[in-house]
file work_36.pdb (PDB, C-alpha atoms)
ATOM      1  CA  MET A   1      99.126 129.236  75.653  1.00  0.00           C
ATOM      2  CA  PRO A   2      98.945 125.582  76.749  1.00  0.00           C
ATOM      3  CA  GLN A   3      99.473 124.855  80.405  1.00  0.00           C
ATOM      4  CA  PRO A   4     102.538 122.864  81.405  1.00  0.00           C
ATOM      5  CA  PRO A   5     101.860 119.299  82.480  1.00  0.00           C
ATOM      6  CA  ALA A   6     101.152 118.795  86.162  1.00  0.00           C
ATOM      7  CA  SER A   7     104.159 117.863  88.257  1.00  0.00           C
ATOM      8  CA  ASP A   8     104.380 114.481  89.929  1.00  0.00           C
ATOM      9  CA  SER A   9     103.491 116.022  93.291  1.00  0.00           C
ATOM     10  CA  GLN A  10     100.385 117.704  91.837  1.00  0.00           C
ATOM     11  CA  GLN A  11      99.194 114.435  90.312  1.00  0.00           C
ATOM     12  CA  ILE A  12      99.847 112.536  93.530  1.00  0.00           C
ATOM     13  CA  ALA A  13      98.166 115.221  95.647  1.00  0.00           C
ATOM     14  CA  GLY A  14      95.104 114.962  93.415  1.00  0.00           C
ATOM     15  CA  ARG A  15      95.076 111.174  93.791  1.00  0.00           C
ATOM     16  CA  ILE A  16      95.279 111.457  97.592  1.00  0.00           C
ATOM     17  CA  GLU A  17      92.404 113.966  97.594  1.00  0.00           C
ATOM     18  CA  ASP A  18      90.341 111.625  95.414  1.00  0.00           C
ATOM     19  CA  LEU A  19      91.155 108.661  97.616  1.00  0.00           C
ATOM     20  CA  TYR A  20      90.152 110.376 100.865  1.00  0.00           C
ATOM     21  CA  ALA A  21      87.452 112.615  99.300  1.00  0.00           C
ATOM     22  CA  LYS A  22      88.728 115.714 101.124  1.00  0.00           C
ATOM     23  CA  PRO A  23      90.965 118.673 100.257  1.00  0.00           C
ATOM     24  CA  LEU A  24      94.672 118.227 100.941  1.00  0.00           C
ATOM     25  CA  VAL A  25      94.639 120.981 103.580  1.00  0.00           C
ATOM     26  CA  ASP A  26      92.049 119.078 105.628  1.00  0.00           C
ATOM     27  CA  LEU A  27      93.935 115.829 105.145  1.00  0.00           C
ATOM     28  CA  ALA A  28      97.175 117.428 106.357  1.00  0.00           C
ATOM     29  CA  ALA A  29      95.394 118.559 109.522  1.00  0.00           C
ATOM     30  CA  LEU A  30      94.084 115.011 110.063  1.00  0.00           C
ATOM     31  CA  ALA A  31      97.570 113.608 109.518  1.00  0.00           C
ATOM     32  CA  GLU A  32      99.021 116.031 112.085  1.00  0.00           C
ATOM     33  CA  ALA A  33      96.440 114.887 114.621  1.00  0.00           C
ATOM     34  CA  ASN A  34      97.588 111.257 114.231  1.00  0.00           C
ATOM     35  CA  PRO A  35     101.200 111.333 112.982  1.00  0.00           C
ATOM     36  CA  GLU A  36     102.189 107.819 114.074  1.00  0.00           C
ATOM     37  CA  GLY A  37     100.898 104.655 112.478  1.00  0.00           C
ATOM     38  CA  SER A  38      98.582 106.292 109.967  1.00  0.00           C
ATOM     39  CA  MET A  39      98.614 105.615 106.229  1.00  0.00           C
ATOM     40  CA  LEU A  40      97.411 109.163 105.676  1.00  0.00           C
ATOM     41  CA  ALA A  41     100.294 110.591 107.724  1.00  0.00           C
ATOM     42  CA  ALA A  42     102.774 108.501 105.736  1.00  0.00           C
ATOM     43  CA  LEU A  43     101.292 109.639 102.420  1.00  0.00           C
ATOM     44  CA  ILE A  44     101.253 113.308 103.442  1.00  0.00           C
ATOM     45  CA  GLY A  45     104.819 113.069 104.789  1.00  0.00           C
ATOM     46  CA  SER A  46     106.122 111.527 101.571  1.00  0.00           C
ATOM     47  CA  LEU A  47     104.188 114.041  99.498  1.00  0.00           C
ATOM     48  CA  THR A  48     105.763 116.892 101.480  1.00  0.00           C
ATOM     49  CA  ASP A  49     109.229 115.421 100.862  1.00  0.00           C
ATOM     50  CA  LEU A  50     108.421 115.093  97.153  1.00  0.00           C
ATOM     51  CA  GLN A  51     107.266 118.704  96.956  1.00  0.00           C
ATOM     52  CA  PHE A  52     110.439 119.874  98.698  1.00  0.00           C
ATOM     53  CA  ALA A  53     112.576 117.879  96.235  1.00  0.00           C
ATOM     54  CA  GLU A  54     110.723 119.439  93.286  1.00  0.00           C
ATOM     55  CA  ARG A  55     111.223 122.947  94.667  1.00  0.00           C
ATOM     56  CA  ASN A  56     114.899 122.242  95.285  1.00  0.00           C
ATOM     57  CA  ILE A  57     115.326 120.951  91.713  1.00  0.00           C
ATOM     58  CA  ALA A  58     113.893 124.193  90.356  1.00  0.00           C
ATOM     59  CA  PHE A  59     116.106 126.267  92.665  1.00  0.00           C
ATOM     60  CA  GLN A  60     119.325 124.335  91.916  1.00  0.00           C
ATOM     61  CA  LEU A  61     118.627 124.396  88.182  1.00  0.00           C
ATOM     62  CA  GLN A  62     118.163 128.174  88.254  1.00  0.00           C
ATOM     63  CA  ARG A  63     121.319 128.566  90.344  1.00  0.00           C
ATOM     64  CA  LEU A  64     123.290 126.348  87.952  1.00  0.00           C
ATOM     65  CA  ARG A  65     122.136 128.461  85.012  1.00  0.00           C
ATOM     66  CA  GLU A  66     123.301 131.614  86.815  1.00  0.00           C
ATOM     67  CA  LEU A  67     126.679 130.111  87.689  1.00  0.00           C
ATOM     68  CA  ALA A  68     127.308 128.762  84.183  1.00  0.00           C
ATOM     69  CA  HIS A  69     126.025 131.806  82.286  1.00  0.00           C
ATOM     70  CA  GLN A  70     127.983 132.307  79.064  1.00  0.00           C
ATOM     71  CA  GLU A  71     129.018 135.876  79.946  1.00  0.00           C
ATOM     72  CA  ARG A  72     130.366 134.879  83.345  1.00  0.00           C
ATOM     73  CA  GLN A  73     134.004 134.063  84.023  1.00  0.00           C
ATOM     74  CA  ILE A  74     134.478 130.628  85.540  1.00  0.00           C
ATOM     75  CA  GLY A  75     137.464 130.337  87.840  1.00  0.00           C
ATOM     76  CA  PRO A  76     138.369 127.754  90.466  1.00  0.00           C
ATOM     77  CA  VAL A  77     135.879 129.133  93.026  1.00  0.00           C
ATOM     78  CA  GLU A  78     133.025 129.242  90.528  1.00  0.00           C
ATOM     79  CA  ALA A  79     133.867 125.720  89.351  1.00  0.00           C
ATOM     80  CA  VAL A  80     133.505 124.439  92.934  1.00  0.00           C
ATOM     81  CA  HIS A  81     130.116 126.154  93.202  1.00  0.00           C
ATOM     82  CA  ILE A  82     129.008 124.655  89.885  1.00  0.00           C
ATOM     83  CA  LEU A  83     130.030 121.161  90.962  1.00  0.00           C
ATOM     84  CA  ASP A  84     128.293 121.557  94.325  1.00  0.00           C
ATOM     85  CA  CYS A  85     125.131 122.808  92.646  1.00  0.00           C
ATOM     86  CA  ALA A  86     125.192 119.919  90.152  1.00  0.00           C
ATOM     87  CA  ARG A  87     125.612 117.422  93.029  1.00  0.00           C
ATOM     88  CA  ARG A  88     122.675 118.941  94.926  1.00  0.00           C
ATOM     89  CA  LEU A  89     120.595 118.862  91.757  1.00  0.00           C
ATOM     90  CA  ALA A  90     121.390 115.175  91.237  1.00  0.00           C
ATOM     91  CA  ASP A  91     120.515 114.394  94.873  1.00  0.00           C
ATOM     92  CA  SER A  92     117.172 116.166  94.559  1.00  0.00           C
ATOM     93  CA  VAL A  93     116.343 114.381  91.308  1.00  0.00           C
ATOM     94  CA  ALA A  94     117.107 111.005  92.911  1.00  0.00           C
ATOM     95  CA  THR A  95     114.989 111.921  95.944  1.00  0.00           C
ATOM     96  CA  ARG A  96     112.111 113.061  93.736  1.00  0.00           C
ATOM     97  CA  ASP A  97     112.228 109.899  91.650  1.00  0.00           C
ATOM     98  CA  ALA A  98     112.317 107.633  94.714  1.00  0.00           C
ATOM     99  CA  HIS A  99     109.367 109.373  96.395  1.00  0.00           C
ATOM    100  CA  THR A 100     107.391 109.436  93.151  1.00  0.00           C
ATOM    101  CA  LYS A 101     107.928 105.728  92.539  1.00  0.00           C
ATOM    102  CA  THR A 102     106.995 104.794  96.098  1.00  0.00           C
ATOM    103  CA  LEU A 103     103.939 107.041  96.304  1.00  0.00           C
ATOM    104  CA  LYS A 104     102.602 105.919  92.930  1.00  0.00           C
ATOM    105  CA  GLY A 105     103.045 102.282  93.931  1.00  0.00           C
ATOM    106  CA  VAL A 106     101.268 102.732  97.247  1.00  0.00           C
ATOM    107  CA  LEU A 107      98.448 104.791  95.737  1.00  0.00           C
ATOM    108  CA  ALA A 108      97.955 102.228  92.970  1.00  0.00           C
ATOM    109  CA  SER A 109      97.306  99.586  95.634  1.00  0.00           C
ATOM    110  CA  LEU A 110      94.756 101.715  97.505  1.00  0.00           C
ATOM    111  CA  HIS A 111      91.167 102.355  96.476  1.00  0.00           C
ATOM    112  CA  ARG A 112      88.055 103.898  97.940  1.00  0.00           C
ATOM    113  CA  VAL A 113      85.680 101.493  99.566  1.00  0.00           C
ATOM    114  CA  PRO A 114      82.082 102.306  98.654  1.00  0.00           C
ATOM    115  CA  THR A 115      80.045 103.431 101.605  1.00  0.00           C
ATOM    116  CA  PRO A 116      77.495 100.818 102.632  1.00  0.00           C
ATOM    117  CA  ASP A 117      73.844 101.598 102.042  1.00  0.00           C
ATOM    118  CA  PRO A 118      72.231 102.698 105.269  1.00  0.00           C
ATOM    119  CA  GLU A 119      69.961 100.034 106.721  1.00  0.00           C
ATOM    120  CA  PRO A 120      66.306 101.007 106.689  1.00  0.00           C
ATOM    121  CA  GLU A 121      64.946 101.954 110.059  1.00  0.00           C
ATOM    122  CA  PRO A 122      62.607  99.298 111.385  1.00  0.00           C
ATOM    123  CA  GLY A 123      58.976 100.389 111.272  1.00  0.00           C
ATOM    124  CA  PRO A 124      56.141  99.205 113.520  1.00  0.00           C
ATOM    125  CA  ALA A 125      55.563  96.078 111.418  1.00  0.00           C
ATOM    126  CA  ALA A 126      59.188  95.084 111.690  1.00  0.00           C
ATOM    127  CA  CYS A 127      59.153  95.495 115.465  1.00  0.00           C
ATOM    128  CA  THR A 128      56.281  93.066 115.890  1.00  0.00           C
ATOM    129  CA  ALA A 129      58.046  90.542 113.732  1.00  0.00           C
ATOM    130  CA  LEU A 130      60.857  90.306 116.246  1.00  0.00           C
ATOM    131  CA  VAL A 131      59.931  87.488 118.587  1.00  0.00           C
ATOM    132  CA  ALA A 132      62.202  85.995 121.184  1.00  0.00           C
ATOM    133  CA  ALA A 133      63.280  82.484 120.351  1.00  0.00           C
ATOM    134  CA  PRO A 134      61.978  79.818 122.738  1.00  0.00           C
ATOM    135  CA  ALA A 135      64.400  78.775 125.424  1.00  0.00           C
ATOM    136  CA  PRO A 136      66.002  75.398 124.817  1.00  0.00           C
ATOM    137  CA  ALA A 137      64.590  72.503 126.823  1.00  0.00           C
ATOM    138  CA  PRO A 138      66.713  71.442 129.785  1.00  0.00           C
ATOM    139  CA  ALA A 139      68.819  68.389 129.178  1.00  0.00           C
ATOM    140  CA  ARG A 140      67.605  65.181 130.815  1.00  0.00           C
ATOM    141  CA  ALA A 141      69.692  63.863 133.606  1.00  0.00           C
ATOM    142  CA  ALA A 142      71.567  60.720 132.689  1.00  0.00           C
ATOM    143  CA  ALA A 143      70.520  57.584 134.541  1.00  0.00           C
ATOM    144  CA  ARG A 144      72.873  56.639 137.295  1.00  0.00           C
ATOM    145  CA  THR A 145      74.459  53.250 137.233  1.00  0.00           C
ATOM    146  CA  ARG A 146      76.301  51.709 140.086  1.00  0.00           C
TER     147      ARG A 146
END

call {"tool": "encode", "arguments": {"input": "work_36.pdb", "output": "structure tokens"}}
result
Amino acid sequence: MPQPPASDSQQIAGRIEDLYAKPLVDLAALAEANPEGSMLAALIGSLTDLQFAERNIAFQLQRLRELAHQERQIGPVEAVHILDCARRLADSVATRDAHTKTLKGVLASLHRVPTPDPEPEPGPAACTALVAAPAPAPARAAARTR
């Protein structure tokens, strides 16, 4: 049986892990340590909101299916519950779409910077090559005229 496609939050979580080269659990701990003014904290916070919206969509959709089941009688009270559930579902979809768009835009602008090659440690030959530069000659005093 083919696997369902990854949700937006799963794709974004994978991109964040790739970007920071660490598992999401470790990154969340780092973000908690520095919650203010950190790009990582902002990404993790938005990802958490996105995940919550996705879970709420699944919950509200299941609840809507239960409320509107074909064998169930729909009276005025049930109709109010159906409308409320549909409103919550729409809110969660809008929230999910907004977070997905923002996170994808931010992640598209970020990239990993390659780590610089470590500089070779200077050996004995390199140490002898370091010679202090001669001190500059003192400036000549200007001739006085009066």

call {"tool": "residues_around", "arguments": {"input": "work_36.pdb", "residues": "Thr48 (chain A)", "least_positions_apart": "2", "cutoff": "12 Å", "atoms": "only C-alpha atoms", "output": "VMD selection string"}}
result
chain A and resid 8 to 10 12 to 13 24 28 31 41 to 46 50 to 55 95 to 96 99 to 100 103

call {"tool": "closest_residue", "arguments": {"input": "work_36.pdb", "among": "A:Ser7, A:Leu40, A:Ala21, A:Pro35", "to": "Ala58 (chain A)", "atoms": "all atoms listed in the file"}}
result
A:Ser7

call {"tool": "atom_distance", "arguments": {"input": "work_36.pdb", "atom1": "CA of Ser92 (chain A)", "atom2": "CA of Ala6 (chain A)"}}
result
18.3 Å

call {"tool": "atom_distance", "arguments": {"input": "work_36.pdb", "atom1": "CA of Gln60 (chain A)", "atom2": "CA of Leu89 (chain A)"}}
result
5.6 Å

call {"tool": "axis_aligned_box", "arguments": {"input": "work_36.pdb", "around": "region 43-48 of chain A", "padding_each_side": "8 Å", "output": "JSON"}}
result
{"center_x": 103.7, "center_y": 113.3, "center_z": 102.1, "size_x": 20.9, "size_y": 23.3, "size_z": 21.3}

call {"tool": "atom_distance", "arguments": {"input": "work_36.pdb", "atom1": "CA of Leu67 (chain A)", "atom2": "CA of Arg87 (chain A)"}}
result
13.8 Å

call {"tool": "residues_around", "arguments": {"input": "work_36.pdb", "residues": "Glu66 (chain A)", "least_positions_apart": "6", "cutoff": "12 Å", "atoms": "only C-alpha atoms", "output": "ChimeraX atom specification"}}
result
/A:59-60,72-74,78,81-82,85

call {"tool": "write_last_selection", "arguments": {"input": "work_36.pdb", "atoms": "C-alpha atoms", "output": "PDB file, in the coordinates of the input"}}
result
ATOM      1  CA  PHE A  59     116.106 126.267  92.665  1.00  0.00           C
ATOM      2  CA  GLN A  60     119.325 124.335  91.916  1.00  0.00           C
ATOM      3  CA  ARG A  72     130.366 134.879  83.345  1.00  0.00           C
ATOM      4  CA  GLN A  73     134.004 134.063  84.023  1.00  0.00           C
ATOM      5  CA  ILE A  74     134.478 130.628  85.540  1.00  0.00           C
ATOM      6  CA  GLU A  78     133.025 129.242  90.528  1.00  0.00           C
ATOM      7  CA  HIS A  81     130.116 126.154  93.202  1.00  0.00           C
ATOM      8  CA  ILE A  82     129.008 124.655  89.885  1.00  0.00           C
ATOM      9  CA  CYS A  85     125.131 122.808  92.646  1.00  0.00           C
TER      10      CYS A  85
END

call {"tool": "resolve_selection", "arguments": {"input": "work_36.pdb", "expression": "the PyMOL selection byres ((chain A and resi 110) around 12)", "output": "PyMOL selection string"}}
result
chain A and resi 15-16+18-20+39-40+43+103-109+111-113

call {"tool": "closest_residue", "arguments": {"input": "work_36.pdb", "among": "A:Pro116, A:Asn56, A:Ala68, A:Val77", "to": "Asp91 (chain A)", "atoms": "only C-alpha atoms"}}
result
A:Asn56

call {"tool": "build_atoms", "arguments": {"input": "work_36.pdb", "residues": "region 39-50 of chain A", "atoms": "all heavy atoms", "output": "short mmCIF file (atom, residue, chain, number, x, y, z; two decimals), keeping the file's coordinate frame"}}
result
data_model
loop_
_atom_site.label_atom_id
_atom_site.label_comp_id
_atom_site.auth_asym_id
_atom_site.auth_seq_id
_atom_site.Cartn_x
_atom_site.Cartn_y
_atom_site.Cartn_z
N MET A 39 98.29 105.61 107.65
CA MET A 39 98.61 105.62 106.23
C MET A 39 98.54 107.03 105.68
O MET A 39 99.39 107.44 104.89
CB MET A 39 97.66 104.70 105.46
CG MET A 39 97.86 104.73 103.95
SD MET A 39 99.48 104.18 103.39
CE MET A 39 99.29 102.45 103.53
N LEU A 40 97.56 107.79 106.13
CA LEU A 40 97.41 109.16 105.68
C LEU A 40 98.63 109.99 106.06
O LEU A 40 99.15 110.75 105.24
CB LEU A 40 96.14 109.80 106.25
CG LEU A 40 95.89 111.25 105.87
CD1 LEU A 40 95.80 111.43 104.36
CD2 LEU A 40 94.63 111.75 106.55
N ALA A 41 99.11 109.84 107.29
CA ALA A 41 100.29 110.59 107.72
C ALA A 41 101.52 110.21 106.89
O ALA A 41 102.32 111.08 106.51
CB ALA A 41 100.56 110.35 109.20
N ALA A 42 101.66 108.94 106.56
CA ALA A 42 102.77 108.50 105.74
C ALA A 42 102.68 109.08 104.33
O ALA A 42 103.68 109.54 103.76
CB ALA A 42 102.81 106.98 105.69
N LEU A 43 101.47 109.08 103.76
CA LEU A 43 101.29 109.64 102.42
C LEU A 43 101.57 111.14 102.40
O LEU A 43 102.27 111.63 101.50
CB LEU A 43 99.86 109.38 101.92
CG LEU A 43 99.52 107.94 101.56
CD1 LEU A 43 98.02 107.81 101.29
CD2 LEU A 43 100.33 107.46 100.38
N ILE A 44 101.04 111.86 103.38
CA ILE A 44 101.25 113.31 103.44
C ILE A 44 102.73 113.62 103.67
O ILE A 44 103.29 114.54 103.07
CB ILE A 44 100.37 113.95 104.54
CG1 ILE A 44 98.88 113.77 104.22
CG2 ILE A 44 100.70 115.43 104.72
CD1 ILE A 44 98.40 114.47 102.98
N GLY A 45 103.40 112.85 104.54
CA GLY A 45 104.82 113.07 104.79
C GLY A 45 105.66 112.86 103.54
O GLY A 45 106.54 113.68 103.21
N SER A 46 105.39 111.79 102.81
CA SER A 46 106.12 111.53 101.57
C SER A 46 105.81 112.57 100.51
O SER A 46 106.69 112.98 99.74
CB SER A 46 105.80 110.14 101.04
OG SER A 46 106.41 109.16 101.85
N LEU A 47 104.56 113.00 100.46
CA LEU A 47 104.19 114.04 99.50
C LEU A 47 104.92 115.34 99.81
O LEU A 47 105.42 116.01 98.90
CB LEU A 47 102.67 114.27 99.52
CG LEU A 47 102.17 115.39 98.61
CD1 LEU A 47 102.47 115.10 97.14
CD2 LEU A 47 100.68 115.62 98.80
N THR A 48 105.03 115.68 101.08
CA THR A 48 105.76 116.89 101.48
C THR A 48 107.23 116.79 101.07
O THR A 48 107.80 117.76 100.56
CB THR A 48 105.64 117.10 103.00
OG1 THR A 48 104.25 117.21 103.33
CG2 THR A 48 106.35 118.35 103.45
N ASP A 49 107.84 115.63 101.27
CA ASP A 49 109.23 115.42 100.86
C ASP A 49 109.37 115.54 99.35
O ASP A 49 110.35 116.11 98.84
CB ASP A 49 109.73 114.06 101.33
CG ASP A 49 109.85 113.97 102.84
OD1 ASP A 49 109.87 115.02 103.52
OD2 ASP A 49 109.92 112.82 103.35
N LEU A 50 108.41 115.00 98.62
CA LEU A 50 108.42 115.09 97.15
C LEU A 50 108.31 116.54 96.70
O LEU A 50 109.05 116.99 95.81
CB LEU A 50 107.28 114.26 96.56
CG LEU A 50 107.05 114.37 95.05
CD1 LEU A 50 108.27 113.94 94.27
CD2 LEU A 50 105.84 113.54 94.65
#
